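Text of the file my_file-v1.tsv, holding TSV, C-alpha atoms and all ligand atoms:
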```tsv
chain	number	residue	atom	x	y	z
A	845	MET	CA	232.26	13.33	79.36
A	846	ASN	CA	234.54	16.23	78.44
A	847	GLN	CA	237.38	15.32	76.16
A	848	TYR	CA	240.79	16.52	77.21
A	849	PRO	CA	244.31	16.28	75.80
A	850	LYS	CA	246.56	13.70	77.42
A	851	ARG	CA	249.34	14.91	79.71
A	852	LEU	CA	252.90	13.83	78.96
A	853	ILE	CA	252.84	11.25	81.76
A	854	GLU	CA	250.06	9.41	79.94
A	855	VAL	CA	252.21	8.83	76.86
A	856	ASP	CA	255.85	8.56	77.97
A	857	LEU	CA	258.36	9.24	80.76
A	858	PRO	CA	262.19	8.99	80.59
A	859	ILE	CA	262.28	6.59	83.55
A	860	LYS	CA	265.84	5.29	83.07
A	861	LYS	CA	267.39	8.77	83.24
A	862	ILE	CA	265.10	9.89	86.08
A	863	SER	CA	266.05	6.75	88.07
A	864	ALA	CA	269.77	7.45	87.58
A	865	HIS	CA	269.29	10.98	88.96
A	866	ALA	CA	267.17	9.62	91.83
A	867	ARG	CA	269.91	7.11	92.78
A	868	ARG	CA	272.59	9.81	92.74
A	869	GLU	CA	270.42	12.11	94.89
A	870	LYS	CA	270.70	9.63	97.80
A	871	SER	CA	274.29	10.72	98.42
A	872	ILE	CA	273.51	14.47	98.33
A	873	ARG	CA	273.79	16.02	101.76
A	874	HIS	CA	274.03	19.75	101.20
A	875	GLY	CA	270.77	21.69	100.82
A	876	HIS	CA	268.56	18.59	100.55
A	877	ILE	CA	265.40	18.33	102.69
A	878	SER	CA	266.46	14.83	103.78
A	879	THR	CA	269.04	16.52	106.06
A	880	LEU	CA	266.30	18.38	107.93
A	881	HIS	CA	264.74	15.30	109.53
A	882	ILE	CA	264.63	11.59	108.79
A	883	TRP	CA	261.49	10.49	107.02
A	884	TRP	CA	261.59	6.80	106.26
A	885	ALA	CA	259.41	6.71	103.14
A	886	ARG	CA	260.77	9.92	101.60
A	887	ARG	CA	260.61	9.82	97.80
A	888	PRO	CA	263.49	11.15	95.68
A	889	LEU	CA	262.93	14.78	94.70
A	890	ALA	CA	264.15	13.88	91.17
A	891	ALA	CA	261.26	11.47	90.63
A	892	CYS	CA	258.68	13.82	92.20
A	893	ARG	CA	259.82	16.76	90.05
A	894	ALA	CA	259.69	14.69	86.86
A	895	VAL	CA	256.30	13.17	87.62
A	896	ILE	CA	254.75	16.53	88.53
A	897	CYS	CA	256.00	18.21	85.33
A	898	ALA	CA	254.81	15.30	83.19
A	899	ALA	CA	251.43	15.28	84.94
A	900	LEU	CA	250.88	19.04	84.55
A	901	TRP	CA	252.18	19.53	81.01
A	902	ILE	CA	250.13	18.62	77.95
A	903	ASP	CA	251.37	16.16	75.30
A	904	PRO	CA	251.93	18.46	72.29
A	905	ALA	CA	251.42	15.52	69.91
A	906	ASP	CA	247.89	14.90	71.19
A	907	PRO	CA	245.35	16.06	68.58
A	908	LEU	CA	243.39	17.78	71.39
A	909	CYS	CA	246.44	19.78	72.55
A	910	HIS	CA	245.64	23.49	72.44
A	911	GLU	CA	247.58	25.41	69.81
A	912	GLU	CA	248.57	28.09	72.33
A	913	PHE	CA	250.30	25.49	74.55
A	914	ARG	CA	252.07	23.97	71.54
A	915	GLU	CA	253.32	27.40	70.44
A	916	LYS	CA	254.47	28.41	73.92
A	917	ALA	CA	256.19	25.04	74.48
A	918	ALA	CA	257.98	25.29	71.11
A	919	GLU	CA	259.11	28.84	71.93
A	920	ILE	CA	260.46	27.82	75.36
A	921	MET	CA	262.12	24.62	74.11
A	922	ARG	CA	263.67	26.45	71.15
A	923	LYS	CA	265.25	28.98	73.51
A	924	PHE	CA	266.32	26.19	75.80
A	925	TRP	CA	267.74	23.60	73.41
A	926	ASP	CA	268.77	25.85	70.56
A	927	PRO	CA	269.96	29.17	72.05
A	928	MET	CA	272.26	29.71	69.04
A	929	GLY	CA	269.37	29.24	66.58
A	930	LEU	CA	271.10	26.33	64.85
A	931	GLN	CA	267.81	24.43	64.34
A	932	THR	CA	269.02	21.03	65.44
A	933	ARG	CA	265.44	19.98	66.19
A	934	ASP	CA	262.31	20.75	64.21
A	935	LEU	CA	260.12	21.89	67.09
A	936	ASP	CA	257.23	22.61	64.75
A	937	ASP	CA	256.90	18.82	64.55
A	938	PRO	CA	254.72	17.86	67.58
A	939	LEU	CA	256.55	14.54	68.07
A	940	GLU	CA	259.92	16.31	68.15
A	941	LEU	CA	258.44	18.84	70.57
A	942	ARG	CA	257.24	15.96	72.80
A	943	ARG	CA	260.79	14.52	72.77
A	944	ALA	CA	262.27	17.93	73.62
A	945	LEU	CA	259.91	18.26	76.63
A	946	LEU	CA	260.73	14.74	77.84
A	947	ASP	CA	264.47	15.46	77.49
A	948	PHE	CA	263.95	18.64	79.50
A	949	ILE	CA	262.14	16.65	82.22
A	950	ALA	CA	265.00	14.10	82.33
A	951	ASP	CA	267.64	16.86	82.63
A	952	PHE	CA	265.67	18.82	85.20
A	953	ALA	CA	265.52	15.67	87.37
A	954	ASN	CA	269.26	16.17	87.91
A	955	TRP	CA	269.80	17.67	91.39
A	956	ASP	CA	272.48	19.98	89.94
A	957	ASN	CA	269.86	21.59	87.68
A	958	SER	CA	267.10	21.85	90.27
A	959	THR	CA	267.99	25.41	91.30
A	960	LYS	CA	269.25	26.74	87.95
A	961	LYS	CA	267.30	29.78	86.85
A	962	GLU	CA	266.92	28.68	83.24
A	963	TYR	CA	265.32	25.36	84.27
A	964	LEU	CA	263.11	27.00	86.92
A	965	ASP	CA	261.92	29.76	84.58
A	966	ALA	CA	261.22	27.35	81.69
A	967	SER	CA	259.33	24.89	83.92
A	968	ARG	CA	257.17	27.65	85.46
A	969	VAL	CA	256.23	29.10	82.07
A	970	LEU	CA	255.25	25.60	80.84
A	971	THR	CA	253.19	24.91	83.98
A	972	GLN	CA	251.34	28.21	83.59
A	973	ALA	CA	250.82	27.74	79.83
A	974	ALA	CA	249.34	24.25	80.36
A	975	HIS	CA	247.12	25.50	83.21
A	976	GLU	CA	245.69	28.36	81.15
A	977	ALA	CA	245.32	26.22	78.00
A	978	LEU	CA	243.27	23.75	80.06
A	979	GLY	CA	240.93	26.51	81.25
A	980	GLY	CA	242.70	27.80	84.36
A	981	VAL	CA	241.92	31.44	85.08
A	982	PRO	CA	244.91	33.60	84.02
A	983	GLY	CA	246.91	34.62	87.08
A	984	THR	CA	245.84	31.54	89.08
A	985	LYS	CA	248.08	28.47	89.37
A	986	PRO	CA	247.30	24.76	89.10
A	987	LEU	CA	246.88	23.05	92.47
A	988	VAL	CA	248.77	19.87	93.43
A	989	VAL	CA	247.16	18.14	96.40
A	990	ASP	CA	249.06	15.52	98.43
A	991	PRO	CA	247.00	14.05	101.28
A	992	PHE	CA	249.84	11.63	102.26
A	993	ALA	CA	252.65	14.17	102.11
A	994	GLY	CA	255.14	12.55	104.54
A	995	GLY	CA	258.46	14.40	104.27
A	996	GLY	CA	256.99	16.87	101.76
A	997	ALA	CA	258.79	15.86	98.56
A	998	ILE	CA	255.73	16.15	96.28
A	999	PRO	CA	254.39	19.53	97.49
A	1000	LEU	CA	257.94	20.97	97.56
A	1001	GLU	CA	258.49	20.01	93.92
A	1002	ALA	CA	255.02	21.30	92.97
A	1003	LEU	CA	256.00	24.73	94.34
A	1004	ARG	CA	259.35	24.57	92.54
A	1005	VAL	CA	257.73	24.14	89.10
A	1006	GLY	CA	255.17	26.91	89.63
A	1007	ALA	CA	252.09	25.13	90.96
A	1008	ASP	CA	250.28	25.77	94.25
A	1009	ALA	CA	250.39	22.92	96.77
A	1010	PHE	CA	248.19	21.58	99.57
A	1011	ALA	CA	249.80	19.01	101.85
A	1012	SER	CA	248.38	16.97	104.71
A	1013	ASP	CA	249.24	13.82	106.63
A	1014	LEU	CA	247.84	11.72	109.47
A	1015	ASN	CA	251.16	11.89	111.34
A	1016	PRO	CA	251.80	15.16	113.26
A	1017	VAL	CA	255.59	14.84	112.73
A	1018	ALA	CA	255.01	14.80	108.96
A	1019	VAL	CA	252.70	17.82	109.29
A	1020	LEU	CA	255.42	19.72	111.18
A	1021	LEU	CA	258.00	18.75	108.53
A	1022	ASN	CA	255.72	20.03	105.79
A	1023	LYS	CA	255.09	23.29	107.67
A	1024	VAL	CA	258.84	23.85	108.00
A	1025	VAL	CA	259.67	22.94	104.39
A	1026	LEU	CA	256.74	24.61	102.65
A	1027	GLU	CA	255.91	27.59	104.89
A	1028	TYR	CA	258.58	28.51	107.46
A	1029	ILE	CA	261.74	28.16	105.34
A	1030	PRO	CA	260.35	30.12	102.35
A	1031	ARG	CA	258.96	32.79	104.72
A	1032	TYR	CA	261.82	33.19	107.23
A	1033	GLY	CA	264.88	31.79	105.38
A	1034	GLN	CA	268.20	32.69	107.01
A	1035	GLN	CA	266.47	34.18	110.08
A	1036	LEU	CA	264.99	30.73	110.86
A	1037	ALA	CA	268.41	29.05	110.43
A	1038	ASP	CA	269.98	31.60	112.80
A	1039	GLU	CA	267.28	31.07	115.43
A	1040	VAL	CA	267.59	27.26	115.25
A	1041	ARG	CA	271.37	27.58	115.68
A	1042	LYS	CA	270.96	30.02	118.61
A	1043	TRP	CA	268.42	27.92	120.54
A	1044	GLY	CA	270.28	24.69	119.72
A	1045	GLU	CA	273.36	26.19	121.40
A	1046	TRP	CA	271.23	27.28	124.36
A	1047	ILE	CA	269.89	23.74	124.83
A	1048	LYS	CA	273.41	22.26	124.58
A	1049	GLN	CA	274.68	24.63	127.26
B	1101	LIG	C1	254.81	6.73	101.62
B	1101	LIG	S1	254.60	7.99	102.81
B	1101	LIG	C2	254.64	9.44	101.83
B	1101	LIG	C3	256.02	9.85	101.48
B	1101	LIG	C4	256.11	11.20	100.80
B	1101	LIG	N1	255.60	11.16	99.44
B	1101	LIG	C5	257.57	11.68	100.84
B	1101	LIG	O1	258.20	11.76	99.77
B	1101	LIG	O2	258.09	11.92	101.91
B	1101	LIG	C6	252.89	7.81	103.20
B	1101	LIG	C7	252.36	8.79	104.22
B	1101	LIG	O3	250.97	8.59	104.34
B	1101	LIG	C8	250.57	8.90	105.66
B	1101	LIG	N2	249.26	8.26	105.89
B	1101	LIG	C9	248.97	6.95	106.00
B	1101	LIG	N3	247.64	6.79	106.16
B	1101	LIG	C10	247.08	8.01	106.14
B	1101	LIG	C11	245.75	8.50	106.24
B	1101	LIG	N4	244.71	7.68	106.40
B	1101	LIG	N5	245.54	9.83	106.13
B	1101	LIG	C12	246.57	10.68	105.97
B	1101	LIG	N6	247.86	10.28	105.87
B	1101	LIG	C13	248.11	8.97	105.95
B	1101	LIG	C14	251.72	8.35	106.50
B	1101	LIG	O4	251.78	9.00	107.76
B	1101	LIG	C15	252.95	8.65	105.61
B	1101	LIG	O5	253.54	9.87	105.99
```

For the file at hand, write its structure as structure tokens.
Amino acid sequence: MNQYPKRLIEVDLPIKKISAHARREKSIRHGHISTLHIWWARRPLAACRAVICAALWIDPADPLCHEEFREKAAEIMRKFWDPMGLQTRDLDDPLELRRALLDFIADFANWDNSTKKEYLDASRVLTQAAHEALGGVPGTKPLVVDPFAGGGAIPLEALRVGADAFASDLNPVAVLLNKVVLEYIPRYGQQLADEVRKWGEWIKQ
């Protein structure tokens, strides 16, 4: 059997902080996919985002972690946590680097940070670096597959952090929700919102 380095989720996860962000997310109404359509078993985006990052990213303290991932992760975390170059953390120490990545995951679970460019850019570079270190062909992305996708929380978060996503579900309503969230909104954006408003008015009249 091939040996492989553990992913972060296999060694640790900042569950308490992620849960706090997930609880707070329940009261968010603006811009959240839960306002599109009710889906009864919808999982908090905070938890999905955190779990996907931790499942895709390699534990830098694992002896089998590739040096190129460790270097890239240290570079990204240094820029992120120490933009002034004050060296508050020794990111050459793999255990400190692991803690920095887990802190990043906890902070990124915050809804307020989910669309900030610095978090999005850092997460996408880490996803790509882990994918290529694990043998992914440069230029391709890792694939997250969710065969029970429901309201689409897992595939949506996979796309957010730079992976590709496949979603399916037995229920045709869930399939339509996933098509809207993952394909139509990214492709048509404002035009789709305008059309929904226009035809909604037409139906009301
Ligand atoms: C717990 S929900 C998933 C919730 C989703 N992660 C979200 O955040 O919205 C489970 C989903 O599995 C689907 N499902 C159940 N049995 C299935 C099957 N045999 N094949 C495909 N989908 C199935 C249900 O329709 C439901 O949407």

Please produce, as a Markdown table, a per-residue contact table for chain A versus ligand LIG 1101 (chain B) (criterion: any atom at most 9 Å away, all atoms listed in the file considered), showing the nearest atom pair and its distance in Å to one decimal, sorted by chain then residue number.
```
| residue | atom | partner | partner_atom | distance |
| --- | --- | --- | --- | --- |
| A:Trp883 | CA | B:LIG1101 | O2 | 6.3 |
| A:Trp884 | CA | B:LIG1101 | O2 | 7.6 |
| A:Ala885 | CA | B:LIG1101 | C1 | 4.8 |
| A:Arg886 | CA | B:LIG1101 | O2 | 3.4 |
| A:Arg887 | CA | B:LIG1101 | O1 | 3.7 |
| A:Pro888 | CA | B:LIG1101 | O1 | 6.7 |
| A:Leu889 | CA | B:LIG1101 | O1 | 7.6 |
| A:Cys892 | CA | B:LIG1101 | O1 | 7.9 |
| A:Asp990 | CA | B:LIG1101 | N1 | 7.9 |
| A:Pro991 | CA | B:LIG1101 | C12 | 5.8 |
| A:Phe992 | CA | B:LIG1101 | O3 | 3.9 |
| A:Ala993 | CA | B:LIG1101 | C4 | 4.7 |
| A:Gly994 | CA | B:LIG1101 | O5 | 3.4 |
| A:Gly995 | CA | B:LIG1101 | O2 | 3.4 |
| A:Gly996 | CA | B:LIG1101 | O2 | 5.1 |
| A:Ala997 | CA | B:LIG1101 | O1 | 4.3 |
| A:Ile998 | CA | B:LIG1101 | N1 | 5.9 |
| A:Pro999 | CA | B:LIG1101 | N1 | 8.7 |
| A:Ser1012 | CA | B:LIG1101 | C12 | 6.7 |
| A:Asp1013 | CA | B:LIG1101 | N6 | 3.9 |
| A:Leu1014 | CA | B:LIG1101 | C12 | 3.9 |
| A:Asn1015 | CA | B:LIG1101 | O4 | 4.6 |
| A:Pro1016 | CA | B:LIG1101 | O4 | 8.3 |
| A:Val1017 | CA | B:LIG1101 | O4 | 8.6 |
| A:Ala1018 | CA | B:LIG1101 | O5 | 5.9 |
| A:Val1019 | CA | B:LIG1101 | O5 | 8.6 |
```

Exercise. Record the distance separating atom CA of Lys1048 of chain A and atom CA of His876 of chain A, expressed in Å with one decimal.
Key: 24.8 Å

Practice problem: Can you pull out every residue within 12 Å of Tyr963 of chain A, counting only C-alpha atoms, but drop anything in the same chain fewer than 3 positions away, and send it as JSON, numbers by chain? | Solution: {"A": [893, 897, 920, 921, 923, 924, 925, 945, 948, 949, 950, 951, 952, 953, 954, 955, 956, 957, 958, 959, 960, 966, 967, 968, 969, 970, 1004, 1005, 1006]}

Quiz item: Given the choices A:Leu930, A:Ala1037, A:Ala891, A:Val855, which gets closest to Arg867 of chain A if the distance is worked out from all atoms listed in the file?
Solution: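 For Arg867 of chain A, the nearest of the candidates is A:Ala891.
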
Quiz item: Within 10 Å of (250.7, 12.6, 76.7), all atoms listed in the file: residues as a count of residues only?
Solution: 19

Quiz item: Mind pulling up the distance from atom CA of Leu1003 of chain A to atom CA of Pro986 of chain A?
Solution: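 Result for atom CA of Pro986 of chain A versus atom CA of Leu1003 of chain A: 10.2 Å, one decimal.
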
Report the centre and edge lengths, in Å to one decimal, of an axis-aligned box enclosing every atom of segment 1005-1013 of chain A listed in the file, padded by 5 Å on each side, as JSON.
```
{"center_x": 253.0, "center_y": 20.4, "center_z": 97.9, "size_x": 19.5, "size_y": 23.1, "size_z": 27.5}
```

Quiz item: Can you tell me how far atom CA of Glu1027 of chain A sits from atom CA of Asp1008 of chain A, in Å to one decimal?
Solution: 12.2 Å

Quiz item: Using only C-alpha atoms, which residue out of A:Leu964, A:Ile872, A:Leu1036, A:Ala918 lies closest to Ala1007 of chain A?
Solution: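 Checking each candidate against Ala1007 of chain A, we get A:Leu964 as the closest.
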
Contacts of Leu1026 of chain A within 10 Å, all atoms listed in the file, excl. fewer than 3 positions in-chain, as a PDB file with C-alpha atoms, in the coordinates of the input:
```
ATOM      1  CA  GLY A 996     256.990  16.870 101.760  1.00  0.00           C
ATOM      2  CA  ALA A 997     258.790  15.860  98.560  1.00  0.00           C
ATOM      3  CA  PRO A 999     254.390  19.530  97.490  1.00  0.00           C
ATOM      4  CA  LEU A1000     257.940  20.970  97.560  1.00  0.00           C
ATOM      5  CA  LEU A1003     256.000  24.730  94.340  1.00  0.00           C
ATOM      6  CA  ALA A1009     250.390  22.920  96.770  1.00  0.00           C
ATOM      7  CA  PHE A1010     248.190  21.580  99.570  1.00  0.00           C
ATOM      8  CA  ALA A1011     249.800  19.010 101.850  1.00  0.00           C
ATOM      9  CA  LEU A1020     255.420  19.720 111.180  1.00  0.00           C
ATOM     10  CA  LEU A1021     258.000  18.750 108.530  1.00  0.00           C
ATOM     11  CA  ASN A1022     255.720  20.030 105.790  1.00  0.00           C
ATOM     12  CA  LYS A1023     255.090  23.290 107.670  1.00  0.00           C
ATOM     13  CA  ILE A1029     261.740  28.160 105.340  1.00  0.00           C
ATOM     14  CA  PRO A1030     260.350  30.120 102.350  1.00  0.00           C
ATOM     15  CA  ARG A1031     258.960  32.790 104.720  1.00  0.00           C
TER      16      ARG A1031
END
```

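Residue nearest Asn846 of chain A within the list A:Lys860, A:Gln972, A:Ala917, A:Leu978: A:Leu978 [criterion: smallest interatomic distance, all atoms listed in the file].
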
Exercise. Determine, counting all atoms listed in the file, which protein, DNA and RNA residues have an atom within 8 Å of an atom of Glu912 of chain A; residues of the same chain fewer than 2 positions away are not included. Present the result as a list in words.
Key: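 That gives His910, Arg914, Glu915, Lys916, Ala973 and Ala977 of chain A.
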
With only C-alpha atoms as the counted atoms, please give the residues lying no more than 9 Å from Gln931 of chain A, apart from itself and same-chain residues fewer than 4 positions off, as a PDB file with C-alpha atoms, keeping the file's coordinate frame.
```
ATOM      1  CA  ARG A 922     263.670  26.450  71.150  1.00  0.00           C
ATOM      2  CA  ASP A 926     268.770  25.850  70.560  1.00  0.00           C
ATOM      3  CA  LEU A 935     260.120  21.890  67.090  1.00  0.00           C
TER       4      LEU A 935
END
```

What does segment 924-940 of chain A look like written to a file with N, CA and C atoms, as an mmCIF file, in the first residue's frame?
```cif
data_model
loop_
_atom_site.group_PDB
_atom_site.id
_atom_site.type_symbol
_atom_site.label_atom_id
_atom_site.label_comp_id
_atom_site.auth_asym_id
_atom_site.auth_seq_id
_atom_site.Cartn_x
_atom_site.Cartn_y
_atom_site.Cartn_z
ATOM 1 N N PHE A 924 0.328 35.838 5.807
ATOM 2 C CA PHE A 924 -1.013 36.012 6.361
ATOM 3 C C PHE A 924 -0.979 36.464 7.818
ATOM 4 N N TRP A 925 -0.180 35.756 8.628
ATOM 5 C CA TRP A 925 -0.188 36.030 10.069
ATOM 6 C C TRP A 925 0.849 37.058 10.485
ATOM 7 N N ASP A 926 1.819 37.316 9.606
ATOM 8 C CA ASP A 926 2.918 38.184 10.023
ATOM 9 C C ASP A 926 3.246 39.173 8.907
ATOM 10 N N PRO A 927 2.221 39.953 8.447
ATOM 11 C CA PRO A 927 2.470 40.823 7.286
ATOM 12 C C PRO A 927 3.530 41.882 7.567
ATOM 13 N N MET A 928 3.762 42.200 8.858
ATOM 14 C CA MET A 928 4.767 43.214 9.204
ATOM 15 C C MET A 928 6.156 42.598 9.377
ATOM 16 N N GLY A 929 6.247 41.253 9.234
ATOM 17 C CA GLY A 929 7.548 40.594 9.400
ATOM 18 C C GLY A 929 8.072 40.650 10.826
ATOM 19 N N LEU A 930 7.149 40.579 11.801
ATOM 20 C CA LEU A 930 7.582 40.694 13.205
ATOM 21 C C LEU A 930 7.986 39.340 13.821
ATOM 22 N N GLN A 931 7.795 38.265 13.044
ATOM 23 C CA GLN A 931 8.209 36.925 13.481
ATOM 24 C C GLN A 931 7.636 36.535 14.832
ATOM 25 N N THR A 932 6.297 36.613 14.933
ATOM 26 C CA THR A 932 5.678 36.195 16.187
ATOM 27 C C THR A 932 5.580 34.671 16.272
ATOM 28 N N ARG A 933 5.609 34.011 15.130
ATOM 29 C CA ARG A 933 5.561 32.547 15.108
ATOM 30 C C ARG A 933 6.760 32.034 14.324
ATOM 31 N N ASP A 934 7.323 30.929 14.783
ATOM 32 C CA ASP A 934 8.420 30.328 14.029
ATOM 33 C C ASP A 934 7.819 29.307 13.051
ATOM 34 N N LEU A 935 7.526 29.768 11.832
ATOM 35 C CA LEU A 935 6.829 28.886 10.891
ATOM 36 C C LEU A 935 7.765 27.884 10.216
ATOM 37 N N ASP A 936 9.042 27.933 10.578
ATOM 38 C CA ASP A 936 9.942 26.867 10.115
ATOM 39 C C ASP A 936 9.773 25.630 10.991
ATOM 40 N N ASP A 937 9.126 25.811 12.153
ATOM 41 C CA ASP A 937 8.827 24.676 13.031
ATOM 42 C C ASP A 937 7.510 24.046 12.540
ATOM 43 N N PRO A 938 7.540 22.777 12.076
ATOM 44 C CA PRO A 938 6.333 22.172 11.481
ATOM 45 C C PRO A 938 5.127 22.166 12.422
ATOM 46 N N LEU A 939 5.357 22.053 13.743
ATOM 47 C CA LEU A 939 4.213 22.054 14.662
ATOM 48 C C LEU A 939 3.569 23.441 14.757
ATOM 49 N N GLU A 940 4.427 24.467 14.719
ATOM 50 C CA GLU A 940 3.906 25.845 14.701
ATOM 51 C C GLU A 940 3.150 26.110 13.404
#
```
